[in-house]
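Reading through the structure tokens given below for one structure.
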Amino acid sequence: MDTIVLLVAVVAGLVALELLGMRAYRRHRARKQAAFTRENVGAVYDDLQAARARCLAEKRAFALLADAARSAGRPEDGAVLDALAAGERAHLAALEAFRGPLHAESVDPAAYPSLPSSLDDALRIAAGRLDDWSTGACRDAAARARVRGYRDIAKLYRQLQEVEQAAACLCLDMAEGARPAGLFSFCPACGLVVAGRRPAFCTVCTKPGFEFEDVAMPAMPEAAAAMLKPEGVA
């Protein structure tokens with residue numbers, strides 16, 4: 001009997017501690033949300049605004065590159081670039097989650113120079129720009145957010161780093177004619193574009209692979225398909 005009473009007392013104590021912990025966590029979260037204002041976050045707000053302006057500009061740049069690729073007779077590259085533009089839209093959606101609480105103002109796309117006449121040169125410039133931002137400004141913004149205690153914002157920046165570095169590699173592959181052939185898909189949550197079959201899960205945000213969206217690759221023209229057929233095959 002004494003053992004049962006002791007067990008009941010222990011369980012009741014554990015439940016009480018858990019309830020107290022949950023209440024303390026909710027109070028802490030409420031205080032943190034109340035303090036999440038433009039005045040309090042300081043440089044973190046400026047970083048978020050700069051990231052939004054930069055994503056808007058990259059989305060526009062990828063759309064222009066996609067049109068240029070199709071005009072140059074490279075529709076597959078155009079489809080991949082469209083997927084990269086969709087990735088920038090995913091980044092903007094993630095950044096928008098912080099806009100409301102901060103009452104953030106609208107931003108204009110960052111100013112980028114006009115594209116060079118050569119598509120491959122434009123792709124190399126885009127790759128360099130993506131790499132510079134992901135290893136520079138984005139990394140610094142993640143560090144500032146982490147120091148200020150905004151782990152969710154720091155995590156978002158780390159995801160952006162990985163996705164943009166992967167995008168930079170894809171741009172270089174297209175510029176060098178080394179883009180992987182076949183299927184592509186992209187993660188609708190973080191914007192990661194991957195070659196080949198859908199992965200089991202996203203390596204950046206861990207979203208299940210079955211939620212990935214396929215990149216609509218253009219059908220090969222009949223004349224080109226006929227040239228690829230082995231001899232003697234009708």
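Please note that chains go A, B, ... in the order of the structure tokens, that every chain numbers its residues from 1, and that ligands are numbered from 1 in the order shown.
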
Exercise: Arg198 (chain A) partners within 10 Å, only C-alpha atoms, chain neighbours under 6 positions left out, as a list in words: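 So the residues in contact are Leu183, Phe184, Ser185, Phe186, Cys187, Pro208, Gly209, Phe210, Glu211, Phe212, Glu213 and Asp214 of chain A.
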
Write to file, as an mmCIF file, in the first residue's frame, the residues of the selection just made, with all heavy atoms.
data_model
loop_
_atom_site.group_PDB
_atom_site.id
_atom_site.type_symbol
_atom_site.label_atom_id
_atom_site.label_comp_id
_atom_site.auth_asym_id
_atom_site.auth_seq_id
_atom_site.Cartn_x
_atom_site.Cartn_y
_atom_site.Cartn_z
ATOM 1 N N LEU A 183 15.924 13.803 -64.922
ATOM 2 C CA LEU A 183 14.896 14.440 -64.113
ATOM 3 C C LEU A 183 15.486 15.402 -63.094
ATOM 4 O O LEU A 183 16.606 15.232 -62.623
ATOM 5 C CB LEU A 183 14.079 13.372 -63.381
ATOM 6 C CG LEU A 183 13.377 12.318 -64.243
ATOM 7 C CD1 LEU A 183 12.736 11.268 -63.351
ATOM 8 C CD2 LEU A 183 12.331 12.973 -65.138
ATOM 9 N N PHE A 184 14.673 16.403 -62.743
ATOM 10 C CA PHE A 184 14.985 17.318 -61.652
ATOM 11 C C PHE A 184 13.721 17.486 -60.819
ATOM 12 O O PHE A 184 12.601 17.339 -61.318
ATOM 13 C CB PHE A 184 15.426 18.692 -62.173
ATOM 14 C CG PHE A 184 16.861 18.760 -62.600
ATOM 15 C CD1 PHE A 184 17.252 18.320 -63.851
ATOM 16 C CD2 PHE A 184 17.827 19.263 -61.742
ATOM 17 C CE1 PHE A 184 18.570 18.377 -64.251
ATOM 18 C CE2 PHE A 184 19.154 19.332 -62.130
ATOM 19 C CZ PHE A 184 19.534 18.885 -63.386
ATOM 20 N N SER A 185 13.906 17.781 -59.562
ATOM 21 C CA SER A 185 12.777 18.101 -58.687
ATOM 22 C C SER A 185 13.246 19.144 -57.687
ATOM 23 O O SER A 185 14.446 19.374 -57.529
ATOM 24 C CB SER A 185 12.259 16.848 -57.967
ATOM 25 O OG SER A 185 13.273 16.280 -57.158
ATOM 26 N N PHE A 186 12.286 19.783 -57.037
ATOM 27 C CA PHE A 186 12.669 20.798 -56.057
ATOM 28 C C PHE A 186 11.757 20.735 -54.847
ATOM 29 O O PHE A 186 10.599 20.308 -54.928
ATOM 30 C CB PHE A 186 12.663 22.207 -56.666
ATOM 31 C CG PHE A 186 11.304 22.744 -57.008
ATOM 32 C CD1 PHE A 186 10.606 23.545 -56.116
ATOM 33 C CD2 PHE A 186 10.720 22.464 -58.231
ATOM 34 C CE1 PHE A 186 9.358 24.045 -56.428
ATOM 35 C CE2 PHE A 186 9.480 22.958 -58.561
ATOM 36 C CZ PHE A 186 8.792 23.756 -57.651
ATOM 37 N N CYS A 187 12.312 21.153 -53.724
ATOM 38 C CA CYS A 187 11.583 21.148 -52.459
ATOM 39 C C CYS A 187 10.738 22.417 -52.379
ATOM 40 O O CYS A 187 11.283 23.520 -52.456
ATOM 41 C CB CYS A 187 12.559 21.084 -51.288
ATOM 42 S SG CYS A 187 11.766 21.192 -49.666
ATOM 43 N N PRO A 208 9.651 15.533 -46.431
ATOM 44 C CA PRO A 208 9.603 14.228 -47.108
ATOM 45 C C PRO A 208 9.743 14.361 -48.615
ATOM 46 O O PRO A 208 9.220 15.295 -49.231
ATOM 47 C CB PRO A 208 8.216 13.691 -46.722
ATOM 48 C CG PRO A 208 7.849 14.419 -45.479
ATOM 49 C CD PRO A 208 8.471 15.780 -45.591
ATOM 50 N N GLY A 209 10.446 13.413 -49.210
ATOM 51 C CA GLY A 209 10.701 13.475 -50.637
ATOM 52 C C GLY A 209 9.452 13.393 -51.491
ATOM 53 O O GLY A 209 9.425 13.940 -52.598
ATOM 54 N N PHE A 210 8.400 12.720 -50.980
ATOM 55 C CA PHE A 210 7.196 12.600 -51.804
ATOM 56 C C PHE A 210 6.487 13.947 -51.973
ATOM 57 O O PHE A 210 5.601 14.081 -52.818
ATOM 58 C CB PHE A 210 6.225 11.565 -51.214
ATOM 59 C CG PHE A 210 5.663 11.914 -49.861
ATOM 60 C CD1 PHE A 210 4.580 12.767 -49.735
ATOM 61 C CD2 PHE A 210 6.218 11.374 -48.705
ATOM 62 C CE1 PHE A 210 4.057 13.080 -48.492
ATOM 63 C CE2 PHE A 210 5.702 11.685 -47.457
ATOM 64 C CZ PHE A 210 4.623 12.541 -47.350
ATOM 65 N N GLU A 211 6.872 14.946 -51.193
ATOM 66 C CA GLU A 211 6.279 16.272 -51.338
ATOM 67 C C GLU A 211 7.071 17.149 -52.315
ATOM 68 O O GLU A 211 6.669 18.275 -52.602
ATOM 69 C CB GLU A 211 6.172 16.960 -49.981
ATOM 70 C CG GLU A 211 5.224 16.263 -49.018
ATOM 71 C CD GLU A 211 4.967 17.064 -47.756
ATOM 72 O OE1 GLU A 211 5.121 18.301 -47.805
ATOM 73 O OE2 GLU A 211 4.626 16.457 -46.727
ATOM 74 N N PHE A 212 8.197 16.642 -52.804
ATOM 75 C CA PHE A 212 8.954 17.389 -53.811
ATOM 76 C C PHE A 212 8.110 17.547 -55.076
ATOM 77 O O PHE A 212 7.251 16.713 -55.377
ATOM 78 C CB PHE A 212 10.246 16.653 -54.159
ATOM 79 C CG PHE A 212 11.412 17.007 -53.273
ATOM 80 C CD1 PHE A 212 11.295 16.961 -51.896
ATOM 81 C CD2 PHE A 212 12.625 17.379 -53.817
ATOM 82 C CE1 PHE A 212 12.366 17.274 -51.078
ATOM 83 C CE2 PHE A 212 13.706 17.699 -53.016
ATOM 84 C CZ PHE A 212 13.574 17.650 -51.639
ATOM 85 N N GLU A 213 8.384 18.594 -55.809
ATOM 86 C CA GLU A 213 7.686 18.841 -57.068
ATOM 87 C C GLU A 213 8.649 18.603 -58.225
ATOM 88 O O GLU A 213 9.801 19.035 -58.184
ATOM 89 C CB GLU A 213 7.153 20.277 -57.110
ATOM 90 C CG GLU A 213 6.116 20.568 -56.029
ATOM 91 C CD GLU A 213 5.579 21.985 -56.106
ATOM 92 O OE1 GLU A 213 5.774 22.631 -57.164
ATOM 93 O OE2 GLU A 213 4.981 22.448 -55.124
ATOM 94 N N ASP A 214 8.161 17.904 -59.240
ATOM 95 C CA ASP A 214 8.994 17.626 -60.406
ATOM 96 C C ASP A 214 9.165 18.883 -61.253
ATOM 97 O O ASP A 214 8.241 19.687 -61.392
ATOM 98 C CB ASP A 214 8.370 16.524 -61.263
ATOM 99 C CG ASP A 214 8.377 15.172 -60.565
ATOM 100 O OD1 ASP A 214 9.300 14.929 -59.767
ATOM 101 O OD2 ASP A 214 7.457 14.370 -60.811
#

Within 8 Å of region 165-171 of chain A, counting only C-alpha atoms, which residues show up once you throw out same-chain ones fewer than 6 positions away? Write them as a PyMOL selection string, please. chain A and resi 84+123-124+126-128+130-131+134+179+192-193

Apply DSSP to the structure's backbone, then extract all residues of region 49-219 of chain A labelled strand (DSSP E or B) and return them as a PDB file with C-alpha atoms, in the first residue's frame.
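Output contents, as saved in selection.pdb:
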ATOM      1  CA  PHE A 184      14.985  17.318 -61.652  1.00  0.00           C
ATOM      2  CA  SER A 185      12.777  18.101 -58.687  1.00  0.00           C
ATOM      3  CA  PHE A 186      12.669  20.798 -56.057  1.00  0.00           C
ATOM      4  CA  VAL A 193      16.696  21.820 -56.597  1.00  0.00           C
ATOM      5  CA  VAL A 194      18.071  18.293 -56.976  1.00  0.00           C
ATOM      6  CA  ALA A 195      18.964  16.173 -59.987  1.00  0.00           C
ATOM      7  CA  PHE A 201      13.813  13.580 -47.630  1.00  0.00           C
ATOM      8  CA  PRO A 208       9.603  14.228 -47.108  1.00  0.00           C
ATOM      9  CA  GLU A 213       7.686  18.841 -57.068  1.00  0.00           C
ATOM     10  CA  ASP A 214       8.994  17.626 -60.406  1.00  0.00           C
TER      11      ASP A 214
END

Check the DSSP output for the backbone and give back, as a PyMOL selection string, the residues of region 101-185 of chain A in helix (DSSP H, G or I). chain A and resi 101-102+119-135+137-147+151-175

Please indicate the distance in Å from CA of Arg139 (chain A) to CA of Leu160 (chain A), rounded to one decimal place.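 About the pair CA of Arg139 (chain A) and CA of Leu160 (chain A): they are 9.4 Å apart.
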